[in-house]
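Here's the structure we're looking at; comments come further down.
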Amino acid sequence: MAMHTATTDAATQIPGTEESPDTGAGDRHKLTALQGLAALSLDAMASVAYGPESIVLVLAAAGAYGMGFTLPVTVAIAVLLAVLVASYRQVIAAFPDGGGSYAVAKRHLGRRTSLVAAASLILDYVLNVAVSVTAGVAALSSAFPELYGERVWMCLGILVLVTGINLRGVVDSAKAFLVPTAVFVGSILAMVTVGLFRDGPVSTASAAGHASALGEGATTVGALLLLKAFVAGCSALTGVEAVANAVPSFRAPAARRAQRTEVALGALLGIMLIGLSVLIGRFHLQPVEGVTVLAQLADASFGHNIAFYVVQFATTVLLALAANTSFGGLPVLMSLLARDNYLPHLFALKADRQVHRHGVLALAAVSAALLVFSGGDTNTLVPLFAIGVFVGFTICQVGMVRHWSAERPAGWRNKAALNGFGALLTGVAAVVVTATKFTEGAWITALALPLLVLGFEKVQRAYTRIGERLELGRIPQSPTRARSLVVVPVSGLSKLTCQALTAARSMGDDVLAVTVTHPAPEDRRAAEALRRDWELWNPGVELVEVSSQTRALGRPVSGYVRELTAAHPDSQVTVLIPETEPARLWQRLLQNQRGSVVAHAVRRDTDAVICRLRFRISDITDIGNDGRRTR
């Protein structure tokens, strides 16, 4: 007989628990299109702070001639962005339950490929949190060098802040981040607009005194260098998939709102990327050590004034908060994996505010470990970043090609060709990123992907075995009534003892009270006193003394229960454990935890049913034997 306890796995879906799997909560806890842009696009928006810089640093190896290819490379990235946005817009319509590349691969590419997609997304989301937080702190410590030594604690503080906001719900996080997002986007667009009307840079103060990172003069640029620049700039595309992963977080009609958010994200990101690249060429900008490209552009467009510092501060804040994209997307993905038995079922639970609380906390815990491991250094984490997202992009694009081939709607060939082209570009990017950054730390990501997939499969096999034992999906035999034998552990006489025996007698045909005795003289005297009091009380229940040579409590009780089970094989043995529940949380520290010790031993050593009777102690009321509260 399988062991039963008062607690239940999420798979049983018992109503009335603190949390329950997806329930139809009110739309007030879900996102509008504008709120979705703030909650799920911070990663992609913040990438304009390092995407163009990544391109420039690669092309700078070819000198000023190489810098001239900044705009063409950025346009190529914008084309890929358009392909991805169009593709994920289709994914949202075809898979309104969320999951992005995982959902696409699961339907069209098979189980193993879908798990690779899920693993790549998980790695990308976790690394995004760590990279975003460390990048934001790095920008702040650059402005205030005295904070450099405290960067790990600052990173952890920001992580706690973002985690706390997300535990209050995705809508609250969206409202909190709406203003920083608007300030950042507005400042970048204003900088691009103003810069287009400048004949030359207004100021170069930010770059003054810093060594140039420009390489020797060159007259040609090789295809490999351009490919590396393209791949480096594609880091700006991380986060594009987040909206498709979190479609259930939107208000109805969820798919339509998510599609609007995806298009708005793509349009804003594309405009900002191309605009910044145009300014880089217009101002003949050169990368310098210790100053970001974005800072130089702000200096050139606005001058070294308050507008320059607004851009820098907005960038710092948004980089730090870009981690919110992961908190919006990963818990939803983990809930889908849990629903498919690839992660523990608790990740499928939602709290009152439609929050996947366990997913949020798990993401925060792993991210905190990464922050401590890296010492708050962005450069330690960057080589691990972006591989996962390119793998996910490629799998999603290939899956959508299969989708159009199977569904064959009007114009399916053009759609399949678009997705195929996108798969080619992202696949090449994934290979190049892995090859160029393998020795810098990308090998860790390459190793983590298959390990995660193996972990998913191990969890799934465990749930399959449990399902087979429980005969899930089959009609069970008709229930039968067995004779019930209830065992009540006691250590003294009190109102709690009376209520426990009353409950036991209402539950079972036979009731036995059990007390554990020890050979020490003081223990023997206490046992004899309990026996005398029990006979005077005469509750109509036999008191059984179980002797133990050690001070153990749980093992003697579980041993006695095993003997009863062997002696009464046709009876259902239940252990009813009476416990007090104080009115104040801190008062629980005053308890001796005997109930937990006995419950653990019985659960470990027997198949008995465990029932824990709670006697609630109130400060202002008393509970009578009839269960009614009185003053």
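All residue names refer to the structure tokens as shown: chains lettered A, B, ... in order, residues numbered from 1 in each chain, ligands numbered from 1 in order.
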Fill in: Every residue of range 98-179 of chain A that DSSP places in alpha helix (DSSP H), as a VMD selection string
chain A and resid 101 to 108 111 to 143 151 to 167 170 to 179
Worksheet item: Can you list, as a ChimeraX atom specification, every protein, DNA or RNA residue that comes within 7 Å of range 257-259 of chain A when you count only C-alpha atoms, leaving out same-chain residues fewer than 5 positions away?
Response: /A:32-33,89,92,243,247,250
Closest-contact table, range 307-405 of chain A side, partner range 42-64 of chain A, 10 Å, counting only C-alpha atoms, as CSV:
residue,atom,partner,partner_atom,distance
A:Gln312,CA,A:Ala49,CA,9.9
A:Ala314,CA,A:Ala46,CA,9.8
A:Thr315,CA,A:Ala49,CA,7.1
A:Thr316,CA,A:Ala46,CA,9.1
A:Val317,CA,A:Ala46,CA,9.4
A:Leu318,CA,A:Ala46,CA,6.0
A:Leu319,CA,A:Ala46,CA,5.5
A:Ala320,CA,A:Ala46,CA,9.0
A:Leu321,CA,A:Leu42,CA,7.0
A:Ala322,CA,A:Leu42,CA,4.4
A:Ala323,CA,A:Asp43,CA,6.6
A:Asn324,CA,A:Leu42,CA,6.9
A:Thr325,CA,A:Asp43,CA,5.7
A:Ser326,CA,A:Asp43,CA,8.1
Item to complete: Find the residues near Thr515 in chain A: any atom within 12 Å, counting only C-alpha atoms, skip ones fewer than 6 places away on the same chain, and give them as number ranges by chain.
Response: A: 487-493, 497, 523-524, 526-528, 530-531, 534, 542-548, 553-554, 556-557, 560, 577, 598
Practice prompt. Name all residues at most 12 Å from range 561-566 of chain A (count only C-alpha atoms; drop same-chain ones fewer than 5 positions away) and give them as number ranges by chain.
Written response: A: 1, 483-489, 510-514, 544, 546, 554-556, 571-576, 598-599, 601-610
Worksheet entry | Shell of 9 Å around Leu330 in chain A, only C-alpha atoms, local chain residues under 5 positions omitted, as an NGL selection string | :A and (121-122 or 125-126 or 242 or 245-246 or 325 or 335 or 359-360 or 363)
Same residues, C-alpha atoms, saved as a compact mmCIF listing (two decimals), in the first residue's frame:
# COMPACT_ATOMS: atom_id res chain seq x y z
CA LEU A 121 16.12 29.45 -22.81
CA ILE A 122 16.70 28.69 -19.14
CA TYR A 125 17.29 33.82 -18.82
CA VAL A 126 19.53 33.03 -15.85
CA ALA A 242 10.45 36.88 -24.04
CA ASN A 245 7.25 32.86 -23.81
CA ALA A 246 4.90 34.79 -21.52
CA THR A 325 12.60 40.20 -18.56
CA SER A 335 5.46 26.11 -15.33
CA GLY A 359 9.99 29.93 -10.38
CA VAL A 360 10.79 33.49 -9.32
CA LEU A 363 15.71 32.14 -10.67
Discussion item. For a quick check of understanding, using only C-alpha atoms, which of A:Leu226, A:Ile475, A:Ile274, A:Leu167 has the smallest distance to Pro331 in chain A?
Written reply: A:Leu167
Item to complete: List every residue of range 317-562 of chain A that DSSP, applied to the backbone of this structure, places in strand (DSSP E or B), and write the result as a ChimeraX atom specification.
Response: /A:349-350,483-489,510-517,542-547
